[in-house]
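Participant: What follows is a structure written as structure tokens; I'll ask about it next.
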Amino acid sequence: RKPGKRRKKAEGPEMEEPLCCCEYIDRRGEKNHLVACCCDCEDLDEGCERWLTCRSLPPGTLERIADTILDRLRIPWLKGAIKINISLLPPLILLPVFLHVAALHFLLALVILTSLPVVVLWYYYLTHRRKGRTLFFLSLGLFSLGYMYFVFLQEVVPRGHVGRTQVIILTCGLILMLVALSQAKRDPGYLTSQMSSDKSPCQGSNNLPNRKVLGISNGLHGPAASGITSSHAKNTDAKGYSRTLAEGLDRAKEDWCTKCQLIRPPRAGHCRLCGMCVRRLDHHCVWINSCVGERNHQAFILALSLFLLTSVYGITLTLDTICRGQNTFIALFYCPGTYADYSSALSFTCVWYCAIVTAGMSYILLIQLLNISYNVTEREARLALREDTGRRLLGGIVVDTGKYNRGFLYNWGQFLTLGSPTPQRSAEDIV
């Protein structure tokens with residue numbers, strides 16, 4: 001229905017009034033209430049009317065209806081109703097349903113467990129092409145961990161073949177992995193613009209930095225920079241100085257980010273999903289919904305390693321329980337009598353789901369470890385392949401740019417000290 005009187009915008013004194021648990025500020029800046037979720041639906045009314053009369057919808061109507069529904073999908077909270085991210089819901093609903101259906105018969109398990117990775121990859125490429133961020137993969141990962149742990153406690157532990165110590169070890173591994181994941185979710189090393197404080201990172205500009213900014217970006221500040229510049233001008237002829245300045249401007253042009261309005265340091269890159277530049281950018285990981293950069297790369301590797309160890313340990317305990325007397329690896333492929341009862345079938349289905357996820361994460365960890373050993377990031381590898389400046393090694397799974405590779409031990413030593421403060425050099429050392 002259409003309201004007879006339009007609500008006032010939340011401006012002036014109304015903004016200072018605290019919201020109750022069921023009130024919120026909608027996308028038009030107006031104060032709204034959860035009870036009025038079905039009010040003011042002109043677009044939906046028009047769409048239904050046109051659908052009943054077999055007329056086409058005006059351009060943009062479906063988008064406006066979807067935006068309105070997503071904006072009103074909220075739950076009551078202490079300081080006002082909060083919006084529910086729709087990408088969180090599919091894993092919470094579909095994963096248990098699919099796993100329980102797959103436990104009914106091994107043919108259903110084969111179809112569902114084969115289709116799940118395909119659907120996840122399709123959704124990944126869909127969101128990647130649209131350059132949008134989503135909580136779907138983070139929600140899927142966290143809920144998968146919680147649900148697998150729940151099935152383990154409900155279906156496997158009561159059989160009496162898993163001891164208390166083994167449960168404690170598995171629980172500690174899960175907790176440590178979540179702690180490492182929370183550290184990997186922190187600031188990856190975002191760069192903030194020093195050009196001006198009134199420009200946001202999303203405001204683009206093609207203007208190159210001036211000489212003063214170029215000098216600052218190279219680590220020369222204040223009087224030291226002016227003194228060094230004066231000395232250089234006195235002891236170098238004009239032609240050499242012009243050539244040096246031209247080379248510096250060329251480097252600045254290559255490292256200049258038009259989106260963030262700053263000169264990126266070496267190995268930094270701009271993430272088009274986060275909309276910011278990141279120090280030593282490796283890649284944007286959808287599983288943590290954040291970039292992997294200089295400050296969280298170590299935590300990312302640790303979280304992956306702890307996940308694999310915990311997952312393999314849980315799979316081993318489950319197979320030893322439901323497939324008594326069989327080798328763990330053989331039981332993964334052949335375990336007679338598994339589908340004789342529903343509890344064993346559900347546990348075995350969850351084991352295979354964990355095995356598929358573990359295989360995918362193992363591949364990601366392998367690529368990461370090889371890249372660290374050759375001191376190359378995923379971003380640098382993609383750029384090297386695009387510009388044909390790198391060489392493929394180990395069957396093409398790693399790309400060596402040769403730019404930062406200083407040997408296995410040096411590369412790992414540099415990785416293990418990422419994020420630590422580097423010693424500052426004085427102006428005399430630079431000269």
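Ordered as shown in the structure tokens, chains take letters A, B, and onward, while each chain numbers its residues from 1 and ligands are numbered from 1 in the order shown.
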Identify, with DSSP run on backbone atoms, the residues in region 324-419 of chain A assigned to helix (DSSP H, G or I), and express the list as a PyMOL selection string.
Facilitator: chain A and resi 328-333+338-340+342-373+378-387+394-396+408-416
Participant: Using only C-alpha atoms, what does the table of region 332-384 of chain A residues within 9 Å of region 112-131 of chain A look like, with each row giving the shortest atom pair and its distance in Å to one decimal, sorted by chain and ascending number, as a Markdown table?
Facilitator:
```
| residue | atom | partner | partner_atom | distance |
| --- | --- | --- | --- | --- |
| A:Thr349 | CA | A:Leu113 | CA | 8.4 |
| A:Trp352 | CA | A:Leu113 | CA | 7.8 |
| A:Tyr353 | CA | A:Leu113 | CA | 6.8 |
| A:Ile356 | CA | A:Pro117 | CA | 8.2 |
| A:Val357 | CA | A:Pro117 | CA | 8.7 |
```
Participant: Next, dump the selected residues to file, keeping only N, CA, C and O atoms, as an mmCIF file, in the first residue's frame.
Facilitator:
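This went into part-v6.cif:
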```cif
data_model
loop_
_atom_site.group_PDB
_atom_site.id
_atom_site.type_symbol
_atom_site.label_atom_id
_atom_site.label_comp_id
_atom_site.auth_asym_id
_atom_site.auth_seq_id
_atom_site.Cartn_x
_atom_site.Cartn_y
_atom_site.Cartn_z
ATOM 1 N N THR A 349 30.133 -38.673 3.982
ATOM 2 C CA THR A 349 29.913 -37.573 3.041
ATOM 3 C C THR A 349 30.666 -36.324 3.474
ATOM 4 O O THR A 349 31.283 -35.635 2.648
ATOM 5 N N TRP A 352 34.341 -36.644 2.656
ATOM 6 C CA TRP A 352 34.672 -36.358 1.266
ATOM 7 C C TRP A 352 34.582 -34.863 0.966
ATOM 8 O O TRP A 352 35.366 -34.319 0.190
ATOM 9 N N TYR A 353 33.623 -34.182 1.591
ATOM 10 C CA TYR A 353 33.538 -32.726 1.427
ATOM 11 C C TYR A 353 34.805 -32.062 1.973
ATOM 12 O O TYR A 353 35.384 -31.174 1.333
ATOM 13 N N ILE A 356 37.756 -32.649 -0.428
ATOM 14 C CA ILE A 356 37.741 -31.782 -1.610
ATOM 15 C C ILE A 356 38.245 -30.390 -1.252
ATOM 16 O O ILE A 356 39.083 -29.804 -1.964
ATOM 17 N N VAL A 357 37.753 -29.843 -0.135
ATOM 18 C CA VAL A 357 38.196 -28.517 0.294
ATOM 19 C C VAL A 357 39.683 -28.531 0.640
ATOM 20 O O VAL A 357 40.435 -27.613 0.290
#
```
Participant: What are the DSSP strand (DSSP E or B) residues of region 47-122 of chain A, as a PyMOL selection string?
Facilitator: chain A and resi 74-75+82-83
Participant: Just want the 12 Å neighbourhood of region 62-75 of chain A, counted on only C-alpha atoms, with same-chain residues fewer than 6 positions away dropped. Output as a PyMOL selection string.
Facilitator: chain A and resi 20-48+56+81-87+89
Participant: Please produce a file of those selected residues containing N, CA, C and O atoms, as a short mmCIF file (atom, residue, chain, number, x, y, z; two decimals), in the first residue's frame.
Facilitator:
```cif
data_model
loop_
_atom_site.label_atom_id
_atom_site.label_comp_id
_atom_site.auth_asym_id
_atom_site.auth_seq_id
_atom_site.Cartn_x
_atom_site.Cartn_y
_atom_site.Cartn_z
N CYS A 20 15.71 3.32 17.97
CA CYS A 20 15.32 2.15 18.74
C CYS A 20 15.80 0.90 18.00
O CYS A 20 16.33 0.97 16.89
N CYS A 21 15.60 -0.25 18.60
CA CYS A 21 16.14 -1.48 18.03
C CYS A 21 15.54 -1.84 16.68
O CYS A 21 16.14 -2.59 15.90
N CYS A 22 14.36 -1.30 16.36
CA CYS A 22 13.67 -1.64 15.11
C CYS A 22 13.71 -0.52 14.09
O CYS A 22 13.10 -0.64 13.02
N GLU A 23 14.38 0.58 14.38
CA GLU A 23 14.48 1.69 13.44
C GLU A 23 15.83 1.67 12.74
O GLU A 23 16.81 1.12 13.24
N TYR A 24 15.87 2.31 11.58
CA TYR A 24 17.10 2.39 10.80
C TYR A 24 17.01 3.55 9.83
O TYR A 24 15.93 4.08 9.56
N ILE A 25 18.14 3.93 9.29
CA ILE A 25 18.21 4.94 8.25
C ILE A 25 18.35 4.23 6.92
O ILE A 25 19.33 3.50 6.69
N ASP A 26 17.38 4.39 6.04
CA ASP A 26 17.38 3.64 4.79
C ASP A 26 18.34 4.26 3.78
O ASP A 26 19.02 5.25 4.06
N ARG A 27 18.37 3.68 2.59
CA ARG A 27 19.33 4.10 1.57
C ARG A 27 19.03 5.49 1.02
O ARG A 27 19.88 6.09 0.36
N ARG A 28 17.83 6.04 1.28
CA ARG A 28 17.50 7.40 0.86
C ARG A 28 17.74 8.42 1.96
O ARG A 28 17.39 9.58 1.82
N GLY A 29 18.32 7.96 3.10
CA GLY A 29 18.61 8.86 4.20
C GLY A 29 17.41 9.16 5.06
O GLY A 29 17.44 10.12 5.83
N GLU A 30 16.35 8.36 4.97
CA GLU A 30 15.15 8.60 5.74
C GLU A 30 15.05 7.62 6.91
O GLU A 30 15.53 6.48 6.82
N LYS A 31 14.44 8.07 7.98
CA LYS A 31 14.22 7.22 9.15
C LYS A 31 13.07 6.26 8.86
O LYS A 31 11.98 6.66 8.46
N ASN A 32 13.33 4.97 9.07
CA ASN A 32 12.34 3.96 8.72
C ASN A 32 12.19 2.97 9.87
O ASN A 32 12.99 2.97 10.81
N HIS A 33 11.19 2.10 9.77
CA HIS A 33 10.90 1.12 10.82
C HIS A 33 10.69 -0.25 10.18
O HIS A 33 10.19 -0.35 9.05
N LEU A 34 11.05 -1.30 10.91
CA LEU A 34 10.91 -2.65 10.37
C LEU A 34 9.46 -3.02 10.10
O LEU A 34 9.16 -3.78 9.18
N VAL A 35 8.56 -2.46 10.89
CA VAL A 35 7.13 -2.77 10.69
C VAL A 35 6.64 -2.24 9.36
O VAL A 35 5.73 -2.80 8.74
N ALA A 36 7.27 -1.16 8.86
CA ALA A 36 6.85 -0.54 7.61
C ALA A 36 7.60 -1.12 6.41
O ALA A 36 7.75 -0.47 5.39
N CYS A 37 8.07 -2.38 6.54
CA CYS A 37 8.85 -2.96 5.44
C CYS A 37 8.01 -3.18 4.18
O CYS A 37 8.56 -3.28 3.08
N CYS A 38 6.69 -3.26 4.33
CA CYS A 38 5.82 -3.49 3.16
C CYS A 38 5.18 -2.20 2.66
O CYS A 38 4.33 -2.24 1.76
N CYS A 39 5.57 -1.08 3.24
CA CYS A 39 5.00 0.21 2.82
C CYS A 39 5.90 0.86 1.77
O CYS A 39 7.08 0.54 1.66
N ASP A 40 5.34 1.82 1.06
CA ASP A 40 6.09 2.61 0.09
C ASP A 40 6.77 1.72 -0.94
O ASP A 40 8.00 1.74 -1.11
N CYS A 41 5.96 0.90 -1.62
CA CYS A 41 6.50 -0.07 -2.59
C CYS A 41 5.96 0.25 -3.99
O CYS A 41 5.34 -0.61 -4.65
N GLU A 42 6.16 1.49 -4.44
CA GLU A 42 5.63 1.88 -5.74
C GLU A 42 6.22 1.04 -6.88
O GLU A 42 5.50 0.62 -7.79
N ASP A 43 7.55 0.80 -6.82
CA ASP A 43 8.18 0.02 -7.89
C ASP A 43 7.64 -1.40 -7.94
O ASP A 43 7.38 -1.94 -9.02
N LEU A 44 7.46 -2.01 -6.76
CA LEU A 44 6.93 -3.37 -6.73
C LEU A 44 5.48 -3.40 -7.21
O LEU A 44 5.09 -4.31 -7.95
N ASP A 45 4.69 -2.42 -6.78
CA ASP A 45 3.29 -2.36 -7.24
C ASP A 45 3.22 -2.19 -8.76
O ASP A 45 2.42 -2.86 -9.44
N GLU A 46 4.06 -1.32 -9.28
CA GLU A 46 4.06 -1.10 -10.72
C GLU A 46 4.52 -2.35 -11.47
O GLU A 46 3.96 -2.71 -12.52
N GLY A 47 5.54 -3.03 -10.91
CA GLY A 47 6.02 -4.24 -11.56
C GLY A 47 4.97 -5.33 -11.59
O GLY A 47 4.80 -6.01 -12.61
N CYS A 48 4.25 -5.52 -10.47
CA CYS A 48 3.20 -6.54 -10.44
C CYS A 48 2.05 -6.19 -11.40
O CYS A 48 1.50 -7.07 -12.07
N SER A 56 5.82 -4.82 -20.55
CA SER A 56 7.24 -4.85 -20.18
C SER A 56 7.54 -3.83 -19.08
O SER A 56 6.86 -2.79 -18.97
N ALA A 81 18.27 -1.19 13.73
CA ALA A 81 18.26 -2.43 12.95
C ALA A 81 19.43 -2.46 11.98
O ALA A 81 19.75 -1.47 11.33
N ILE A 82 20.09 -3.61 11.91
CA ILE A 82 21.26 -3.76 11.04
C ILE A 82 20.87 -4.58 9.82
O ILE A 82 20.02 -5.47 9.88
N LYS A 83 21.53 -4.27 8.71
CA LYS A 83 21.24 -4.94 7.44
C LYS A 83 21.87 -6.33 7.41
O LYS A 83 22.98 -6.54 7.89
N ILE A 84 21.15 -7.27 6.84
CA ILE A 84 21.66 -8.62 6.67
C ILE A 84 22.29 -8.74 5.28
O ILE A 84 21.65 -8.43 4.28
N ASN A 85 23.53 -9.16 5.24
CA ASN A 85 24.19 -9.37 3.96
C ASN A 85 23.65 -10.65 3.33
O ASN A 85 23.80 -11.75 3.89
N ILE A 86 23.02 -10.52 2.19
CA ILE A 86 22.35 -11.66 1.56
C ILE A 86 23.32 -12.76 1.17
O ILE A 86 22.95 -13.94 1.08
N SER A 87 24.60 -12.41 0.96
CA SER A 87 25.58 -13.42 0.56
C SER A 87 25.94 -14.36 1.70
O SER A 87 26.58 -15.39 1.47
N LEU A 89 23.66 -15.91 3.58
CA LEU A 89 22.60 -16.88 3.78
C LEU A 89 22.74 -18.17 2.99
O LEU A 89 22.45 -19.25 3.53
#
```
Participant: Using only C-alpha atoms for the distances, tell me which of A:Tyr339, A:Tyr410, A:Tyr149, A:Phe348 is nearest to Ser373 (chain A).
Facilitator: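 Checking each of A:Tyr339, A:Tyr410, A:Tyr149, A:Phe348 against Ser373 (chain A), counting only C-alpha atoms, the winner is A:Tyr410.
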Participant: Which residue out of A:Arg267, A:Ser343, A:Val278, A:Arg159 has the minimum interatomic distance to Thr192 (chain A) when only C-alpha atoms are used?
Facilitator: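 Result for the nearest residue to Thr192 (chain A): A:Val278.
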Participant: What gap, in Å, lies between CA of Arg264 (chain A) and CA of Arg279 (chain A)?
Facilitator: 8.1 Å
Participant: Rounded to one decimal, what separation in Å do you get between CA of Gly146 (chain A) and CA of Thr316 (chain A)?
Facilitator: 17.8 Å
Participant: Work out how far CA of Leu370 (chain A) is from CA of Leu409 (chain A), in Å to one decimal.
Facilitator: 12.7 Å
Participant: In terms of the shortest atom-to-atom distance over only C-alpha atoms, which of A:Gly402, A:Gly325, A:Gly160, A:Gly80 is closest to Glu380 (chain A)?
Facilitator: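 The answer is A:Gly402, which sits nearest to Glu380 (chain A).
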Participant: With a distance cut-off of 9 Å and only C-alpha atoms, select the neighbouring residues of Gly173 (chain A), excluding the residue or stretch itself and same-chain residues fewer than 2 positions from it, and output the selection as a PyMOL selection string.
Facilitator: chain A and resi 168-171+175-178+306-307+309-310
Participant: Export, as an mmCIF file, in the first residue's frame, the selected residues with C-alpha atoms.
Facilitator:
```
data_model
loop_
_atom_site.group_PDB
_atom_site.id
_atom_site.type_symbol
_atom_site.label_atom_id
_atom_site.label_comp_id
_atom_site.auth_asym_id
_atom_site.auth_seq_id
_atom_site.Cartn_x
_atom_site.Cartn_y
_atom_site.Cartn_z
ATOM 1 C CA ILE A 168 41.077 -31.659 22.620
ATOM 2 C CA ILE A 169 43.865 -31.690 20.000
ATOM 3 C CA LEU A 170 41.359 -31.222 17.178
ATOM 4 C CA THR A 171 39.593 -28.416 19.069
ATOM 5 C CA ILE A 175 40.888 -22.502 17.641
ATOM 6 C CA LEU A 176 44.465 -21.717 16.587
ATOM 7 C CA MET A 177 43.403 -21.689 12.948
ATOM 8 C CA LEU A 178 40.605 -19.207 13.708
ATOM 9 C CA LEU A 306 46.811 -24.943 10.470
ATOM 10 C CA PHE A 307 43.672 -25.591 8.430
ATOM 11 C CA LEU A 309 46.781 -30.043 9.584
ATOM 12 C CA THR A 310 43.466 -29.841 11.445
#
```
Participant: Can you tell me, as a JSON list (two decimals) with all heavy atoms, in the first residue's frame, what residues are no more than 9 Å from Gly189 (chain A) when counting only C-alpha atoms, ignoring any on the same chain fewer than 5 positions away?
Facilitator:
```json
[["chain", "number", "residue", "atom", "x", "y", "z"],
["A", 277, "CYS", "N", 45.64, 0.93, -2.49],
["A", 277, "CYS", "CA", 46.95, 0.35, -2.77],
["A", 277, "CYS", "C", 47.46, -0.37, -1.52],
["A", 277, "CYS", "O", 47.23, 0.07, -0.39],
["A", 277, "CYS", "CB", 47.95, 1.44, -3.18],
["A", 277, "CYS", "SG", 47.66, 2.08, -4.85],
["A", 278, "VAL", "N", 48.15, -1.48, -1.74],
["A", 278, "VAL", "CA", 48.62, -2.34, -0.65],
["A", 278, "VAL", "C", 50.12, -2.58, -0.82],
["A", 278, "VAL", "O", 50.59, -2.84, -1.93],
["A", 278, "VAL", "CB", 47.87, -3.69, -0.65],
["A", 278, "VAL", "CG1", 48.33, -4.56, 0.50],
["A", 278, "VAL", "CG2", 46.37, -3.46, -0.57],
["A", 279, "ARG", "N", 50.85, -2.49, 0.26],
["A", 279, "ARG", "CA", 52.28, -2.78, 0.25],
["A", 279, "ARG", "C", 52.52, -4.26, -0.06],
["A", 279, "ARG", "O", 51.88, -5.13, 0.53],
["A", 279, "ARG", "CB", 52.91, -2.44, 1.60],
["A", 279, "ARG", "CG", 52.92, -0.95, 1.94],
["A", 279, "ARG", "CD", 53.61, -0.72, 3.26],
["A", 279, "ARG", "NE", 53.59, 0.69, 3.63],
["A", 279, "ARG", "CZ", 54.49, 1.59, 3.22],
["A", 279, "ARG", "NH1", 55.50, 1.20, 2.45],
["A", 279, "ARG", "NH2", 54.39, 2.85, 3.59],
["A", 280, "ARG", "N", 53.42, -4.50, -0.98],
["A", 280, "ARG", "CA", 53.78, -5.88, -1.39],
["A", 280, "ARG", "C", 52.51, -6.72, -1.60],
["A", 280, "ARG", "O", 52.34, -7.78, -1.01],
["A", 280, "ARG", "CB", 54.69, -6.54, -0.35],
["A", 280, "ARG", "CG", 55.43, -7.78, -0.88],
["A", 280, "ARG", "CD", 56.24, -8.43, 0.22],
["A", 280, "ARG", "NE", 56.91, -9.63, -0.27],
["A", 280, "ARG", "CZ", 56.34, -10.84, -0.36],
["A", 280, "ARG", "NH1", 55.09, -11.00, 0.03],
["A", 280, "ARG", "NH2", 57.02, -11.88, -0.81],
["A", 281, "LEU", "N", 51.67, -6.23, -2.47],
["A", 281, "LEU", "CA", 50.39, -6.90, -2.73],
["A", 281, "LEU", "C", 50.63, -8.26, -3.38],
["A", 281, "LEU", "O", 51.31, -8.35, -4.41],
["A", 281, "LEU", "CB", 49.52, -6.03, -3.64],
["A", 281, "LEU", "CG", 48.20, -6.64, -4.11],
["A", 281, "LEU", "CD1", 47.29, -6.94, -2.93],
["A", 281, "LEU", "CD2", 47.51, -5.74, -5.12],
["A", 291, "CYS", "N", 42.68, -8.34, 1.10],
["A", 291, "CYS", "CA", 43.93, -8.50, 0.37],
["A", 291, "CYS", "C", 44.95, -9.23, 1.22],
["A", 291, "CYS", "O", 44.91, -9.20, 2.45],
["A", 291, "CYS", "CB", 44.48, -7.13, -0.04],
["A", 291, "CYS", "SG", 43.56, -6.33, -1.36],
["A", 292, "VAL", "N", 45.90, -9.87, 0.56],
["A", 292, "VAL", "CA", 47.06, -10.47, 1.22],
["A", 292, "VAL", "C", 48.26, -9.61, 0.85],
["A", 292, "VAL", "O", 48.64, -9.54, -0.33],
["A", 292, "VAL", "CB", 47.26, -11.93, 0.78],
["A", 292, "VAL", "CG1", 48.52, -12.50, 1.42],
["A", 292, "VAL", "CG2", 46.05, -12.77, 1.15],
["A", 293, "GLY", "N", 48.81, -8.94, 1.84],
["A", 293, "GLY", "CA", 49.91, -8.02, 1.59],
["A", 293, "GLY", "C", 51.03, -8.18, 2.60],
["A", 293, "GLY", "O", 51.19, -9.23, 3.24],
["A", 294, "GLU", "N", 51.78, -7.13, 2.75],
["A", 294, "GLU", "CA", 53.00, -7.18, 3.57],
["A", 294, "GLU", "C", 52.71, -7.50, 5.03],
["A", 294, "GLU", "O", 53.46, -8.23, 5.68],
["A", 294, "GLU", "CB", 53.72, -5.83, 3.46],
["A", 294, "GLU", "CG", 55.03, -5.76, 4.21],
["A", 294, "GLU", "CD", 55.69, -4.41, 4.05],
["A", 294, "GLU", "OE1", 56.45, -4.24, 3.08],
["A", 294, "GLU", "OE2", 55.44, -3.53, 4.89],
["A", 295, "ARG", "N", 51.62, -7.00, 5.56],
["A", 295, "ARG", "CA", 51.38, -7.09, 7.00],
["A", 295, "ARG", "C", 50.59, -8.33, 7.42],
["A", 295, "ARG", "O", 50.55, -8.65, 8.61],
["A", 295, "ARG", "CB", 50.65, -5.83, 7.49],
["A", 295, "ARG", "CG", 51.47, -4.56, 7.31],
["A", 295, "ARG", "CD", 50.76, -3.36, 7.88],
["A", 295, "ARG", "NE", 50.51, -3.51, 9.32],
["A", 295, "ARG", "CZ", 49.88, -2.61, 10.07],
["A", 295, "ARG", "NH1", 49.43, -1.50, 9.51],
["A", 295, "ARG", "NH2", 49.69, -2.82, 11.34],
["A", 296, "ASN", "N", 49.94, -9.03, 6.49],
["A", 296, "ASN", "CA", 49.16, -10.20, 6.88],
["A", 296, "ASN", "C", 49.50, -11.45, 6.09],
["A", 296, "ASN", "O", 48.81, -12.46, 6.22],
["A", 296, "ASN", "CB", 47.66, -9.91, 6.74],
["A", 296, "ASN", "CG", 47.24, -9.72, 5.29],
["A", 296, "ASN", "OD1", 48.06, -9.45, 4.41],
["A", 296, "ASN", "ND2", 45.95, -9.84, 5.02],
["A", 419, "GLY", "N", 56.90, -6.84, 7.47],
["A", 419, "GLY", "CA", 56.19, -6.02, 8.42],
["A", 419, "GLY", "C", 57.04, -5.47, 9.54],
["A", 419, "GLY", "O", 56.59, -4.60, 10.29]]
```
Participant: For Leu153 (chain A), work out the shell of residues within 10 Å, counting only C-alpha atoms and skipping chain neighbours fewer than 5 positions away, then give it as a list in words.
Facilitator: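 The residues that qualify are Tyr147, Met148, Pro158, Arg159, Val162 and Val167 of chain A.
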